[in-house]
Amino acid sequence: MSNQVNLGDVKVWSVFKKGNYPLPTAKSDKKAKGQSSIDPEDKDDYFDKQLAVIQVNAKARSLLYNATCGEEYEKISSCDTTKKMWDKREVTYEGMSKMKEIRINLLVYDYELFQMKEGRSIE
């Protein structure tokens, strides 16, 4: 088994933490004619770097969608970027962890206060 890290996976993680990679400008005749076109309408105008960026951004979004159940999906589906989706999930799970910790503390407290009433036996 290889210990090598896939560069694509590192880029996907970066999309979660920092946001989508910006789309590089296209090599296009439109630019030469004086028209500003960062996002070409025709997919054939995209060059390899643009396709790689699009694939990394789409992979990150897809991974989040596939790792999300129905109720959580409704919470994140309205987000327009993968980072916003990730942040919303992070806040949700952080809140769940805090609730678990509070419940555990309450149970420990109840346990510590648990005493046998006078005049009662284990039997």
# chains A, B, ... in the order shown; residues from 1 in each chain; ligands from 1
call {"tool": "residues_around", "arguments": {"residues": "Ser77 (chain A)", "least_positions_apart": "6", "cutoff": "12 Å", "atoms": "only C-alpha atoms", "output": "list of chain:residue names"}}
result
A:Arg61, A:Ser62, A:Leu64, A:Tyr65, A:Asn66, A:Thr68, A:Cys69, A:Gly70, A:Glu71, A:Lys84, A:Met85, A:Trp86, A:Lys88, A:Arg89
call {"tool": "write_last_selection", "arguments": {"atoms": "all heavy atoms", "output": "CSV table (one decimal), in the first residue's frame"}}
result
chain,number,residue,atom,x,y,z
A,61,ARG,N,-18.0,19.2,-3.8
A,61,ARG,CA,-19.5,19.4,-3.6
A,61,ARG,C,-20.2,18.0,-3.6
A,61,ARG,O,-21.0,17.7,-2.7
A,61,ARG,CB,-20.0,20.3,-4.7
A,61,ARG,CG,-21.4,20.7,-4.4
A,61,ARG,CD,-21.8,21.8,-5.4
A,61,ARG,NE,-23.0,22.5,-5.1
A,61,ARG,CZ,-23.1,23.5,-4.3
A,61,ARG,NH1,-22.0,24.1,-3.9
A,61,ARG,NH2,-24.3,24.1,-4.0
A,62,SER,N,-19.8,17.2,-4.5
A,62,SER,CA,-20.4,15.8,-4.6
A,62,SER,C,-20.1,15.0,-3.4
A,62,SER,O,-21.0,14.3,-2.9
A,62,SER,CB,-19.9,15.1,-5.9
A,62,SER,OG,-20.4,13.8,-6.0
A,64,LEU,N,-19.6,16.0,-0.3
A,64,LEU,CA,-20.5,16.5,0.8
A,64,LEU,C,-21.9,16.0,0.6
A,64,LEU,O,-22.6,15.6,1.5
A,64,LEU,CB,-20.5,18.0,0.9
A,64,LEU,CG,-19.4,18.6,1.8
A,64,LEU,CD1,-19.5,20.1,1.8
A,64,LEU,CD2,-19.5,18.0,3.2
A,65,TYR,N,-22.4,16.1,-0.6
A,65,TYR,CA,-23.8,15.7,-0.9
A,65,TYR,C,-24.0,14.2,-0.6
A,65,TYR,O,-24.9,13.8,0.0
A,65,TYR,CB,-24.2,15.9,-2.3
A,65,TYR,CG,-24.7,17.4,-2.6
A,65,TYR,CD1,-24.4,18.0,-3.8
A,65,TYR,CD2,-25.5,18.1,-1.7
A,65,TYR,CE1,-24.8,19.3,-4.0
A,65,TYR,CE2,-25.9,19.4,-1.9
A,65,TYR,CZ,-25.5,20.0,-3.1
A,65,TYR,OH,-25.9,21.3,-3.3
A,66,ASN,N,-23.0,13.4,-1.0
A,66,ASN,CA,-23.1,11.9,-0.8
A,66,ASN,C,-22.9,11.5,0.6
A,66,ASN,O,-23.3,10.4,1.0
A,66,ASN,CB,-22.1,11.2,-1.7
A,66,ASN,CG,-22.4,11.3,-3.2
A,66,ASN,OD1,-23.6,11.3,-3.5
A,66,ASN,ND2,-21.4,11.4,-4.0
A,68,THR,N,-24.2,13.0,3.2
A,68,THR,CA,-25.2,13.7,3.9
A,68,THR,C,-26.5,13.0,3.9
A,68,THR,O,-27.0,12.6,2.8
A,68,THR,CB,-25.4,15.2,3.4
A,68,THR,OG1,-24.1,15.8,3.5
A,68,THR,CG2,-26.4,15.9,4.2
A,69,CYS,N,-27.2,12.8,5.0
A,69,CYS,CA,-28.5,12.2,5.0
A,69,CYS,C,-29.6,13.2,4.7
A,69,CYS,O,-29.3,14.4,4.5
A,69,CYS,CB,-28.8,11.5,6.4
A,69,CYS,SG,-29.0,12.7,7.7
A,70,GLY,N,-30.8,12.7,4.5
A,70,GLY,CA,-31.9,13.6,4.1
A,70,GLY,C,-32.1,14.9,4.8
A,70,GLY,O,-32.2,15.9,4.2
A,71,GLU,N,-32.2,14.8,6.2
A,71,GLU,CA,-32.5,16.0,7.0
A,71,GLU,C,-31.3,17.0,6.9
A,71,GLU,O,-31.6,18.2,6.8
A,71,GLU,CB,-32.7,15.5,8.4
A,71,GLU,CG,-33.1,16.7,9.3
A,71,GLU,CD,-33.4,16.2,10.7
A,71,GLU,OE1,-34.1,15.2,10.9
A,71,GLU,OE2,-32.8,16.8,11.7
A,84,LYS,N,-19.5,27.0,2.3
A,84,LYS,CA,-20.6,27.3,3.1
A,84,LYS,C,-21.3,26.1,3.6
A,84,LYS,O,-21.8,26.0,4.7
A,84,LYS,CB,-21.6,28.2,2.4
A,84,LYS,CG,-21.1,29.6,2.2
A,84,LYS,CD,-22.1,30.5,1.4
A,84,LYS,CE,-21.6,31.9,1.2
A,84,LYS,NZ,-22.5,32.7,0.3
A,85,MET,N,-21.4,25.1,2.7
A,85,MET,CA,-22.0,23.8,3.1
A,85,MET,C,-21.2,23.1,4.2
A,85,MET,O,-21.7,22.7,5.2
A,85,MET,CB,-22.0,22.8,1.9
A,85,MET,CG,-22.9,23.2,0.8
A,85,MET,SD,-22.6,22.3,-0.8
A,85,MET,CE,-22.9,20.6,-0.3
A,86,TRP,N,-19.8,23.2,4.1
A,86,TRP,CA,-19.0,22.6,5.1
A,86,TRP,C,-19.1,23.3,6.4
A,86,TRP,O,-19.2,22.7,7.5
A,86,TRP,CB,-17.5,22.6,4.6
A,86,TRP,CG,-16.6,22.0,5.6
A,86,TRP,CD1,-15.8,22.7,6.4
A,86,TRP,CD2,-16.3,20.7,5.8
A,86,TRP,NE1,-15.0,21.9,7.2
A,86,TRP,CE2,-15.3,20.6,6.8
A,86,TRP,CE3,-16.8,19.5,5.3
A,86,TRP,CZ2,-14.9,19.4,7.3
A,86,TRP,CZ3,-16.3,18.3,5.8
A,86,TRP,CH2,-15.4,18.2,6.8
A,88,LYS,N,-21.6,25.0,7.5
A,88,LYS,CA,-23.0,24.7,8.1
A,88,LYS,C,-23.0,23.4,8.8
A,88,LYS,O,-23.5,23.2,9.9
A,88,LYS,CB,-24.1,24.8,7.1
A,88,LYS,CG,-25.4,24.8,7.7
A,88,LYS,CD,-26.5,25.1,6.7
A,88,LYS,CE,-26.7,26.6,6.6
A,88,LYS,NZ,-27.9,27.0,6.0
A,89,ARG,N,-22.4,22.4,8.1
A,89,ARG,CA,-22.3,21.0,8.8
A,89,ARG,C,-21.4,21.1,10.0
A,89,ARG,O,-21.7,20.4,11.0
A,89,ARG,CB,-21.7,20.0,7.8
A,89,ARG,CG,-22.7,19.6,6.7
A,89,ARG,CD,-22.0,18.5,5.9
A,89,ARG,NE,-21.6,17.4,6.7
A,89,ARG,CZ,-22.0,16.1,6.6
A,89,ARG,NH1,-22.7,15.8,5.5
A,89,ARG,NH2,-21.6,15.2,7.4
call {"tool": "residues_around", "arguments": {"residues": "region 50-52 of chain A", "least_positions_apart": "3", "cutoff": "7 Å", "atoms": "only C-alpha atoms", "output": "short mmCIF file (atom, residue, chain, number, x, y, z; two decimals) with C-alpha atoms, in the first residue's frame"}}
result
data_model
loop_
_atom_site.label_atom_id
_atom_site.label_comp_id
_atom_site.auth_asym_id
_atom_site.auth_seq_id
_atom_site.Cartn_x
_atom_site.Cartn_y
_atom_site.Cartn_z
CA LEU A 23 -11.77 29.48 -12.64
CA PRO A 24 -8.76 30.51 -14.75
CA TYR A 46 -12.27 25.43 -21.71
CA PHE A 47 -8.69 24.39 -21.51
CA GLN A 55 -13.55 18.81 -11.50
CA VAL A 56 -11.98 19.53 -8.09
#
call {"tool": "atom_distance", "arguments": {"atom1": "CA of Asp110 (chain A)", "atom2": "CA of Glu123 (chain A)"}}
result
21.9 Å
call {"tool": "atom_distance", "arguments": {"atom1": "CA of Ser78 (chain A)", "atom2": "CA of Lys17 (chain A)"}}
result
18.3 Å
call {"tool": "closest_residue", "arguments": {"among": "A:Ile76, A:Lys83, A:Asn57, A:Lys49", "to": "Gly19 (chain A)", "atoms": "only C-alpha atoms"}}
result
A:Lys83
call {"tool": "select_by_dssp", "arguments": {"residues": "region 55-94 of chain A", "states": "alpha helix (DSSP H)", "output": "PyMOL selection string"}}
result
chain A and resi 55-66+70-76+82-94
call {"tool": "closest_residue", "arguments": {"among": "A:Lys59, A:Lys117, A:Lys98, A:Arg103", "to": "Asp9 (chain A)", "atoms": "only C-alpha atoms"}}
result
A:Lys59
